[in-house]
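my_file03.pdb follows (PDB, N, CA and C atoms and all ligand atoms):
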ATOM      1  N   MET A   1     117.263 115.218 105.982
ATOM      2  CA  MET A   1     116.159 114.828 106.854
ATOM      3  C   MET A   1     114.907 114.617 106.011
ATOM      4  N   LYS A   2     114.261 113.483 106.192
ATOM      5  CA  LYS A   2     113.062 113.182 105.420
ATOM      6  C   LYS A   2     111.856 113.919 105.990
ATOM      7  N   ILE A   3     110.982 114.349 105.060
ATOM      8  CA  ILE A   3     109.749 115.026 105.455
ATOM      9  C   ILE A   3     108.725 113.970 105.829
ATOM     10  N   ASN A   4     108.059 114.145 106.959
ATOM     11  CA  ASN A   4     106.992 113.233 107.356
ATOM     12  C   ASN A   4     106.048 114.016 108.262
ATOM     13  N   LYS A   5     104.943 114.504 107.671
ATOM     14  CA  LYS A   5     104.040 115.364 108.434
ATOM     15  C   LYS A   5     102.606 114.898 108.277
ATOM     16  N   GLU A   6     101.843 115.081 109.343
ATOM     17  CA  GLU A   6     100.403 114.844 109.268
ATOM     18  C   GLU A   6      99.702 116.129 109.684
ATOM     19  N   PHE A   7      98.588 116.410 109.023
ATOM     20  CA  PHE A   7      97.786 117.581 109.347
ATOM     21  C   PHE A   7      96.409 117.085 109.760
ATOM     22  N   THR A   8      96.047 117.321 111.018
ATOM     23  CA  THR A   8      94.845 116.700 111.569
ATOM     24  C   THR A   8      93.651 117.640 111.628
ATOM     25  N   VAL A   9      93.840 118.909 111.258
ATOM     26  CA  VAL A   9      92.693 119.823 111.230
ATOM     27  C   VAL A   9      92.658 120.569 109.904
ATOM     28  N   CYS A  10      91.457 120.931 109.481
ATOM     29  CA  CYS A  10      91.261 121.672 108.232
ATOM     30  C   CYS A  10      91.930 123.045 108.348
ATOM     31  N   PRO A  11      92.757 123.424 107.361
ATOM     32  CA  PRO A  11      93.413 124.731 107.440
ATOM     33  C   PRO A  11      92.437 125.893 107.231
ATOM     34  N   ALA A  12      91.264 125.613 106.670
ATOM     35  CA  ALA A  12      90.297 126.685 106.427
ATOM     36  C   ALA A  12      89.397 126.949 107.629
ATOM     37  N   CYS A  13      88.915 125.865 108.281
ATOM     38  CA  CYS A  13      87.911 126.069 109.340
ATOM     39  C   CYS A  13      88.293 125.450 110.687
ATOM     40  N   GLY A  14      89.363 124.643 110.726
ATOM     41  CA  GLY A  14      89.794 124.066 111.996
ATOM     42  C   GLY A  14      89.073 122.796 112.389
ATOM     43  N   HIS A  15      88.158 122.296 111.537
ATOM     44  CA  HIS A  15      87.418 121.056 111.812
ATOM     45  C   HIS A  15      88.359 119.854 111.718
ATOM     46  N   LYS A  16      88.080 118.803 112.504
ATOM     47  CA  LYS A  16      88.969 117.640 112.499
ATOM     48  C   LYS A  16      88.552 116.537 111.531
ATOM     49  N   GLY A  17      87.268 116.376 111.240
ATOM     50  CA  GLY A  17      86.801 115.251 110.438
ATOM     51  C   GLY A  17      87.012 115.463 108.947
ATOM     52  N   THR A  18      87.199 114.330 108.234
ATOM     53  CA  THR A  18      87.289 114.376 106.780
ATOM     54  C   THR A  18      86.285 113.388 106.192
ATOM     55  N   VAL A  19      85.773 113.689 104.997
ATOM     56  CA  VAL A  19      84.676 112.941 104.396
ATOM     57  C   VAL A  19      85.021 111.466 104.229
ATOM     58  N   ILE A  20      86.132 111.173 103.591
ATOM     59  CA  ILE A  20      86.468 109.783 103.279
ATOM     60  C   ILE A  20      86.788 109.016 104.569
ATOM     61  N   GLN A  21      87.692 109.567 105.392
ATOM     62  CA  GLN A  21      88.112 108.817 106.577
ATOM     63  C   GLN A  21      86.978 108.689 107.594
ATOM     64  N   ASP A  22      86.096 109.688 107.692
ATOM     65  CA  ASP A  22      84.951 109.565 108.602
ATOM     66  C   ASP A  22      84.092 108.375 108.204
ATOM     67  N   ARG A  23      83.859 108.216 106.887
ATOM     68  CA  ARG A  23      83.033 107.092 106.396
ATOM     69  C   ARG A  23      83.750 105.759 106.625
ATOM     70  N   VAL A  24      85.074 105.757 106.390
ATOM     71  CA  VAL A  24      85.857 104.540 106.639
ATOM     72  C   VAL A  24      85.765 104.158 108.121
ATOM     73  N   ASP A  25      85.851 105.156 108.997
ATOM     74  CA  ASP A  25      85.761 104.876 110.432
ATOM     75  C   ASP A  25      84.405 104.274 110.799
ATOM     76  N   GLU A  26      83.312 104.743 110.146
ATOM     77  CA  GLU A  26      81.990 104.155 110.368
ATOM     78  C   GLU A  26      81.981 102.692 109.935
ATOM     79  N   LEU A  27      82.558 102.407 108.762
ATOM     80  CA  LEU A  27      82.588 101.032 108.249
ATOM     81  C   LEU A  27      83.438 100.137 109.150
ATOM     82  N   ILE A  28      84.516 100.696 109.725
ATOM     83  CA  ILE A  28      85.341  99.930 110.659
ATOM     84  C   ILE A  28      84.526  99.596 111.905
ATOM     85  N   SER A  29      83.792 100.584 112.436
ATOM     86  CA  SER A  29      83.027 100.318 113.666
ATOM     87  C   SER A  29      81.852  99.389 113.399
ATOM     88  N   ASP A  30      81.392  99.308 112.130
ATOM     89  CA  ASP A  30      80.351  98.334 111.758
ATOM     90  C   ASP A  30      80.944  96.954 111.458
ATOM     91  N   GLY A  31      82.280  96.839 111.538
ATOM     92  CA  GLY A  31      82.925  95.561 111.272
ATOM     93  C   GLY A  31      83.052  95.241 109.791
ATOM     94  N   LYS A  32      82.853  96.239 108.925
ATOM     95  CA  LYS A  32      82.885  96.000 107.480
ATOM     96  C   LYS A  32      84.241  96.301 106.855
ATOM     97  N   MET A  33      85.145  96.886 107.621
ATOM     98  CA  MET A  33      86.506  97.143 107.148
ATOM     99  C   MET A  33      87.466  96.822 108.278
ATOM    100  N   PRO A  34      88.688  96.377 107.940
ATOM    101  CA  PRO A  34      89.656  96.056 108.989
ATOM    102  C   PRO A  34      90.056  97.304 109.785
ATOM    103  N   VAL A  35      90.282  97.114 111.076
ATOM    104  CA  VAL A  35      90.749  98.199 111.937
ATOM    105  C   VAL A  35      92.072  98.728 111.384
ATOM    106  N   GLY A  36      92.216 100.025 111.362
ATOM    107  CA  GLY A  36      93.452 100.635 110.882
ATOM    108  C   GLY A  36      93.405 101.025 109.418
ATOM    109  N   THR A  37      92.276 100.726 108.721
ATOM    110  CA  THR A  37      92.162 101.097 107.309
ATOM    111  C   THR A  37      92.198 102.616 107.174
ATOM    112  N   ARG A  38      93.008 103.093 106.221
ATOM    113  CA  ARG A  38      93.037 104.524 105.926
ATOM    114  C   ARG A  38      92.806 104.698 104.437
ATOM    115  N   LEU A  39      91.828 105.495 104.077
ATOM    116  CA  LEU A  39      91.580 105.825 102.669
ATOM    117  C   LEU A  39      91.553 107.340 102.545
ATOM    118  N   PHE A  40      91.535 107.822 101.320
ATOM    119  CA  PHE A  40      91.673 109.262 101.097
ATOM    120  C   PHE A  40      91.045 109.623  99.770
ATOM    121  N   ALA A  41      90.902 110.926  99.514
ATOM    122  CA  ALA A  41      90.278 111.390  98.274
ATOM    123  C   ALA A  41      91.260 111.372  97.110
ATOM    124  N   MET A  42      92.493 111.749  97.357
ATOM    125  CA  MET A  42      93.493 111.861  96.296
ATOM    126  C   MET A  42      94.874 111.600  96.852
ATOM    127  N   MET A  43      95.783 111.206  95.952
ATOM    128  CA  MET A  43      97.193 111.086  96.328
ATOM    129  C   MET A  43      98.023 111.624  95.171
ATOM    130  N   SER A  44      99.079 112.348  95.490
ATOM    131  CA  SER A  44     100.003 112.781  94.442
ATOM    132  C   SER A  44     101.399 112.279  94.779
ATOM    133  N   LYS A  45     102.124 111.890  93.730
ATOM    134  CA  LYS A  45     103.492 111.413  93.897
ATOM    135  C   LYS A  45     104.383 112.296  93.043
ATOM    136  N   SER A  46     105.336 112.967  93.667
ATOM    137  CA  SER A  46     106.210 113.886  92.951
ATOM    138  C   SER A  46     107.661 113.492  93.151
ATOM    139  N   PRO A  47     108.312 112.977  92.108
ATOM    140  CA  PRO A  47     109.738 112.687  92.232
ATOM    141  C   PRO A  47     110.525 113.979  92.389
ATOM    142  N   LEU A  48     111.595 113.925  93.194
ATOM    143  CA  LEU A  48     112.404 115.118  93.443
ATOM    144  C   LEU A  48     113.516 115.219  92.403
ATOM    145  N   LEU A  49     113.115 115.369  91.146
ATOM    146  CA  LEU A  49     114.094 115.583  90.095
ATOM    147  C   LEU A  49     113.434 116.316  88.944
ATOM    148  N   SER A  50     114.248 117.038  88.194
ATOM    149  CA  SER A  50     113.746 117.727  87.015
ATOM    150  C   SER A  50     113.766 116.743  85.853
ATOM    151  N   PRO A  51     113.103 117.066  84.740
ATOM    152  CA  PRO A  51     113.073 116.126  83.616
ATOM    153  C   PRO A  51     114.462 115.756  83.097
ATOM    154  N   THR A  52     115.459 116.629  83.276
ATOM    155  CA  THR A  52     116.785 116.326  82.750
ATOM    156  C   THR A  52     117.694 115.663  83.781
ATOM    157  N   GLN A  53     117.229 115.571  85.031
ATOM    158  CA  GLN A  53     118.060 114.993  86.083
ATOM    159  C   GLN A  53     117.786 113.504  86.236
ATOM    160  N   LYS A  54     118.780 112.797  86.665
ATOM    161  CA  LYS A  54     118.592 111.389  86.981
ATOM    162  C   LYS A  54     119.196 111.118  88.347
ATOM    163  N   ILE A  55     118.420 111.362  89.392
ATOM    164  CA  ILE A  55     118.885 111.074  90.748
ATOM    165  C   ILE A  55     118.301 109.731  91.144
ATOM    166  N   ILE A  56     118.940 108.699  90.715
ATOM    167  CA  ILE A  56     118.437 107.353  90.986
ATOM    168  C   ILE A  56     119.486 106.611  91.789
ATOM    169  N   THR A  57     119.069 106.070  92.883
ATOM    170  CA  THR A  57     119.994 105.359  93.764
ATOM    171  C   THR A  57     120.326 103.992  93.182
ATOM    172  N   SER A  58     121.288 103.335  93.788
ATOM    173  CA  SER A  58     121.753 102.057  93.255
ATOM    174  C   SER A  58     120.667 100.988  93.247
ATOM    175  N   ASN A  59     119.652 101.130  94.096
ATOM    176  CA  ASN A  59     118.575 100.123  94.102
ATOM    177  C   ASN A  59     117.450 100.477  93.125
ATOM    178  N   GLY A  60     117.673 101.461  92.230
ATOM    179  CA  GLY A  60     116.680 101.801  91.211
ATOM    180  C   GLY A  60     115.593 102.744  91.688
ATOM    181  N   LEU A  61     115.749 103.309  92.873
ATOM    182  CA  LEU A  61     114.736 104.212  93.417
ATOM    183  C   LEU A  61     115.255 105.646  93.427
ATOM    184  N   THR A  62     114.338 106.599  93.436
ATOM    185  CA  THR A  62     114.725 107.997  93.536
ATOM    186  C   THR A  62     113.863 108.645  94.621
ATOM    187  N   PRO A  63     114.359 109.678  95.300
ATOM    188  CA  PRO A  63     113.543 110.292  96.350
ATOM    189  C   PRO A  63     112.337 111.016  95.770
ATOM    190  N   GLY A  64     111.264 111.033  96.516
ATOM    191  CA  GLY A  64     110.054 111.717  96.059
ATOM    192  C   GLY A  64     109.159 112.058  97.227
ATOM    193  N   ILE A  65     108.142 112.866  96.949
ATOM    194  CA  ILE A  65     107.180 113.284  97.965
ATOM    195  C   ILE A  65     105.815 112.691  97.624
ATOM    196  N   VAL A  66     105.186 112.045  98.599
ATOM    197  CA  VAL A  66     103.822 111.564  98.455
ATOM    198  C   VAL A  66     102.944 112.449  99.325
ATOM    199  N   ALA A  67     101.903 113.035  98.727
ATOM    200  CA  ALA A  67     100.951 113.839  99.485
ATOM    201  C   ALA A  67      99.578 113.173  99.401
ATOM    202  N   ILE A  68      98.924 113.052 100.560
ATOM    203  CA  ILE A  68      97.610 112.413 100.652
ATOM    204  C   ILE A  68      96.595 113.482 101.051
ATOM    205  N   TYR A  69      95.501 113.529 100.291
ATOM    206  CA  TYR A  69      94.496 114.580 100.485
ATOM    207  C   TYR A  69      93.155 113.978 100.883
ATOM    208  N   ASP A  70      92.424 114.706 101.737
ATOM    209  CA  ASP A  70      91.037 114.341 102.040
ATOM    210  C   ASP A  70      90.226 115.632 102.078
ATOM    211  N   ILE A  71      88.922 115.488 102.204
ATOM    212  CA  ILE A  71      88.006 116.631 102.110
ATOM    213  C   ILE A  71      87.408 116.903 103.483
ATOM    214  N   CYS A  72      87.507 118.137 103.934
ATOM    215  CA  CYS A  72      86.931 118.528 105.225
ATOM    216  C   CYS A  72      85.434 118.231 105.232
ATOM    217  N   SER A  73      84.950 117.518 106.263
ATOM    218  CA  SER A  73      83.527 117.173 106.314
ATOM    219  C   SER A  73      82.672 118.331 106.818
ATOM    220  N   SER A  74      83.300 119.446 107.172
ATOM    221  CA  SER A  74      82.532 120.611 107.599
ATOM    222  C   SER A  74      82.405 121.639 106.477
ATOM    223  N   CYS A  75      83.525 122.025 105.858
ATOM    224  CA  CYS A  75      83.485 123.117 104.867
ATOM    225  C   CYS A  75      83.800 122.670 103.445
ATOM    226  N   GLY A  76      84.214 121.407 103.242
ATOM    227  CA  GLY A  76      84.465 120.914 101.880
ATOM    228  C   GLY A  76      85.832 121.229 101.329
ATOM    229  N   CYS A  77      86.691 121.825 102.126
ATOM    230  CA  CYS A  77      88.048 122.151 101.671
ATOM    231  C   CYS A  77      88.851 120.857 101.441
ATOM    232  N   LEU A  78      89.508 120.768 100.283
ATOM    233  CA  LEU A  78      90.414 119.652 100.007
ATOM    234  C   LEU A  78      91.789 120.049 100.525
ATOM    235  N   TYR A  79      92.345 119.261 101.436
ATOM    236  CA  TYR A  79      93.648 119.631 101.972
ATOM    237  C   TYR A  79      94.508 118.404 102.204
ATOM    238  N   ALA A  80      95.825 118.618 102.280
ATOM    239  CA  ALA A  80      96.771 117.533 102.528
ATOM    240  C   ALA A  80      96.643 117.097 103.976
ATOM    241  N   VAL A  81      96.371 115.799 104.187
ATOM    242  CA  VAL A  81      96.314 115.259 105.547
ATOM    243  C   VAL A  81      97.642 114.612 105.938
ATOM    244  N   ALA A  82      98.453 114.272 104.934
ATOM    245  CA  ALA A  82      99.765 113.682 105.224
ATOM    246  C   ALA A  82     100.710 113.939 104.062
ATOM    247  N   ILE A  83     101.960 114.212 104.389
ATOM    248  CA  ILE A  83     103.009 114.391 103.397
ATOM    249  C   ILE A  83     104.205 113.574 103.864
ATOM    250  N   GLU A  84     104.716 112.748 102.964
ATOM    251  CA  GLU A  84     105.821 111.867 103.354
ATOM    252  C   GLU A  84     106.843 111.791 102.236
ATOM    253  N   GLU A  85     108.113 111.866 102.612
ATOM    254  CA  GLU A  85     109.184 111.674 101.640
ATOM    255  C   GLU A  85     109.482 110.190 101.564
ATOM    256  N   VAL A  86     109.500 109.675 100.359
ATOM    257  CA  VAL A  86     109.672 108.227 100.153
ATOM    258  C   VAL A  86     110.695 107.996  99.049
ATOM    259  N   ASP A  87     111.128 106.760  98.918
ATOM    260  CA  ASP A  87     111.898 106.347  97.754
ATOM    261  C   ASP A  87     110.919 105.772  96.758
ATOM    262  N   MET A  88     110.938 106.267  95.525
ATOM    263  CA  MET A  88     109.954 105.796  94.553
ATOM    264  C   MET A  88     110.620 105.293  93.282
ATOM    265  N   ILE A  89     109.855 104.455  92.587
ATOM    266  CA  ILE A  89     110.310 103.916  91.311
ATOM    267  C   ILE A  89     109.897 104.909  90.228
ATOM    268  N   ILE A  90     110.849 105.349  89.437
ATOM    269  CA  ILE A  90     110.547 106.236  88.317
ATOM    270  C   ILE A  90     110.484 105.388  87.058
ATOM    271  N   PRO A  91     109.334 105.366  86.375
ATOM    272  CA  PRO A  91     109.252 104.567  85.156
ATOM    273  C   PRO A  91     110.197 105.095  84.085
ATOM    274  N   THR A  92     110.823 104.205  83.377
ATOM    275  CA  THR A  92     111.659 104.609  82.256
ATOM    276  C   THR A  92     110.738 105.045  81.122
ATOM    277  N   PRO A  93     111.243 105.800  80.131
ATOM    278  CA  PRO A  93     110.378 106.214  79.011
ATOM    279  C   PRO A  93     109.670 105.027  78.343
ATOM    280  N   GLN A  94     110.335 103.875  78.266
ATOM    281  CA  GLN A  94     109.695 102.705  77.659
ATOM    282  C   GLN A  94     108.497 102.233  78.480
ATOM    283  N   GLN A  95     108.623 102.289  79.820
ATOM    284  CA  GLN A  95     107.532 101.825  80.671
ATOM    285  C   GLN A  95     106.339 102.766  80.620
ATOM    286  N   LYS A  96     106.563 104.043  80.260
ATOM    287  CA  LYS A  96     105.470 105.006  80.227
ATOM    288  C   LYS A  96     104.601 104.838  78.987
ATOM    289  N   LYS A  97     105.134 104.215  77.930
ATOM    290  CA  LYS A  97     104.381 104.065  76.683
ATOM    291  C   LYS A  97     103.169 103.178  76.879
ATOM    292  N   PHE A  98     102.093 103.520  76.174
ATOM    293  CA  PHE A  98     100.927 102.648  76.156
ATOM    294  C   PHE A  98     101.202 101.530  75.155
ATOM    295  N   PRO A  99     100.692 100.371  75.430
ATOM    296  CA  PRO A  99     100.921  99.286  74.472
ATOM    297  C   PRO A  99     100.274  99.601  73.123
ATOM    298  N   SER A 100     100.975  99.309  72.056
ATOM    299  CA  SER A 100     100.407  99.568  70.722
ATOM    300  C   SER A 100      99.766  98.288  70.194
ATOM    301  N   ASN A 101      98.674  98.436  69.506
ATOM    302  CA  ASN A 101      97.969  97.260  68.989
ATOM    303  C   ASN A 101      98.424  96.907  67.574
TER     304      ASN A 101
HETATM  305 ZN    ZN B 201      87.048 122.878 106.872
END
Once more with this new file: its structure as structure tokens, please.
Amino acid sequence: MKINKEFTVCPACGHKGTVIQDRVDELISDGKMPVGTRLFAMMSKSPLLSPTQKIITSNGLTPGIVAIYDICSSCGCLYAVAIEEVDMIIPTPQQKKFPSN
């Protein structure tokens, strides 16, 4: 079963608003951003494999967790507003290298 959760209140104080999305909502109501825009403070992508494992499906993807974070507009707590299990592309060691000059 895939994980797909949203957290709509701050776990520290119970407030509903977040700094980034509150501002985005203002810009949407001013007509400066498209309706439905969602932005956030941070995102983390964690593949569900250890460094020695290769759980890669036939289409080149591997399962992973994406967590999206925003900042409570009342108390400043950074918390996960959404967590979703996705199929992600894992870069090969060659793709991770920086280009050499
Ligand atoms: Zn809070």
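With distances restricted to all atoms listed in the file, A:Cys75 is the closest residue to ligand ZN 201 (chain B) from A:Phe7, A:Leu48, A:Thr37, A:Cys75.
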**Result set, the PyMOL selection byres (((chain A and resi 1-4) around 8) and not hetatm) on current file, as a ChimeraX atom specification** = /A:5-7,82-86
Rows by chain and residue number, chain A within 10 Å of ligand ZN 201 (chain B), shortest pair, only C-alpha atoms and all ligand atoms, as JSON lines:
{"residue": "A:Val9", "atom": "CA", "partner": "B:ZN201", "partner_atom": "ZN", "distance": 7.8}
{"residue": "A:Cys10", "atom": "CA", "partner": "B:ZN201", "partner_atom": "ZN", "distance": 4.6}
{"residue": "A:Pro11", "atom": "CA", "partner": "B:ZN201", "partner_atom": "ZN", "distance": 6.7}
{"residue": "A:Ala12", "atom": "CA", "partner": "B:ZN201", "partner_atom": "ZN", "distance": 5.0}
{"residue": "A:Cys13", "atom": "CA", "partner": "B:ZN201", "partner_atom": "ZN", "distance": 4.1}
{"residue": "A:Gly14", "atom": "CA", "partner": "B:ZN201", "partner_atom": "ZN", "distance": 5.9}
{"residue": "A:His15", "atom": "CA", "partner": "B:ZN201", "partner_atom": "ZN", "distance": 5.3}
{"residue": "A:Lys16", "atom": "CA", "partner": "B:ZN201", "partner_atom": "ZN", "distance": 7.9}
{"residue": "A:Gly17", "atom": "CA", "partner": "B:ZN201", "partner_atom": "ZN", "distance": 8.4}
{"residue": "A:Thr18", "atom": "CA", "partner": "B:ZN201", "partner_atom": "ZN", "distance": 8.5}
{"residue": "A:Ile71", "atom": "CA", "partner": "B:ZN201", "partner_atom": "ZN", "distance": 7.9}
{"residue": "A:Cys72", "atom": "CA", "partner": "B:ZN201", "partner_atom": "ZN", "distance": 4.7}
{"residue": "A:Ser73", "atom": "CA", "partner": "B:ZN201", "partner_atom": "ZN", "distance": 6.7}
{"residue": "A:Ser74", "atom": "CA", "partner": "B:ZN201", "partner_atom": "ZN", "distance": 5.1}
{"residue": "A:Cys75", "atom": "CA", "partner": "B:ZN201", "partner_atom": "ZN", "distance": 4.1}
{"residue": "A:Gly76", "atom": "CA", "partner": "B:ZN201", "partner_atom": "ZN", "distance": 6.0}
{"residue": "A:Cys77", "atom": "CA", "partner": "B:ZN201", "partner_atom": "ZN", "distance": 5.3}
{"residue": "A:Leu78", "atom": "CA", "partner": "B:ZN201", "partner_atom": "ZN", "distance": 8.3}
{"residue": "A:Tyr79", "atom": "CA", "partner": "B:ZN201", "partner_atom": "ZN", "distance": 8.8}
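Residues matched by the PyMOL selection byres (((chain A and resi 38) around 8) and not hetatm) in this structure: Ile20, Gln21, Val24, Asp25, Pro34, Val35, Gly36, Thr37, Leu39 and Phe40 of chain A.
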Given the selection you just returned, output its residues as a file containing N, CA and C atoms, formatted as a tab-separated table (two decimals), in the coordinates of the input.
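The result, written out as result.tsv:
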chain	number	residue	atom	x	y	z
A	20	ILE	N	86.13	111.17	103.59
A	20	ILE	CA	86.47	109.78	103.28
A	20	ILE	C	86.79	109.02	104.57
A	21	GLN	N	87.69	109.57	105.39
A	21	GLN	CA	88.11	108.82	106.58
A	21	GLN	C	86.98	108.69	107.59
A	24	VAL	N	85.07	105.76	106.39
A	24	VAL	CA	85.86	104.54	106.64
A	24	VAL	C	85.76	104.16	108.12
A	25	ASP	N	85.85	105.16	109.00
A	25	ASP	CA	85.76	104.88	110.43
A	25	ASP	C	84.40	104.27	110.80
A	34	PRO	N	88.69	96.38	107.94
A	34	PRO	CA	89.66	96.06	108.99
A	34	PRO	C	90.06	97.30	109.78
A	35	VAL	N	90.28	97.11	111.08
A	35	VAL	CA	90.75	98.20	111.94
A	35	VAL	C	92.07	98.73	111.38
A	36	GLY	N	92.22	100.02	111.36
A	36	GLY	CA	93.45	100.64	110.88
A	36	GLY	C	93.40	101.02	109.42
A	37	THR	N	92.28	100.73	108.72
A	37	THR	CA	92.16	101.10	107.31
A	37	THR	C	92.20	102.62	107.17
A	39	LEU	N	91.83	105.50	104.08
A	39	LEU	CA	91.58	105.82	102.67
A	39	LEU	C	91.55	107.34	102.54
A	40	PHE	N	91.54	107.82	101.32
A	40	PHE	CA	91.67	109.26	101.10
A	40	PHE	C	91.04	109.62	99.77
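Ranking A:Met88, A:Ser44, A:Val19, A:Glu26 by their shortest atom-to-atom distance to Asn59 of chain A, with only C-alpha atoms included, puts A:Met88 first.
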**Prompt:** Once the PyMOL selection byres (((chain A and resi 42) around 6.5) and not hetatm) has been applied to the shown file, what residues remain in the selection, as JSON, numbers by chain?
**Reply:** {"A": [40, 41, 43, 44, 67, 68, 69, 70]}
**Between atom N of Asp22 of chain A and atom CA of Val66 of chain A - distance in Å to one decimal** = 20.1 Å
**Request:** Would you please extract all alpha helix (DSSP H) residues from segment 2-95 of chain A, as assigned by DSSP on the backbone, and give them as a list in words?
**Result:** Val19, Ile20, Gln21, Asp22, Arg23, Val24, Asp25, Glu26, Leu27, Ile28, Ser29, Pro93, Gln94 and Gln95 of chain A
**Item:** Which of chain A DSSP labels strand (DSSP E or B), written as a PyMOL selection string
**Value:** chain A and resi 4-6+18+42-47+61-72+78-89
**Request:** Work out how far atom CA of Thr8 of chain A is from atom CA of Lys45 of chain A, in Å to one decimal.
**Result:** 20.4 Å
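Straight-line separation from atom N of Ala80 of chain A to atom C of Leu49 of chain A: 22.2 Å.
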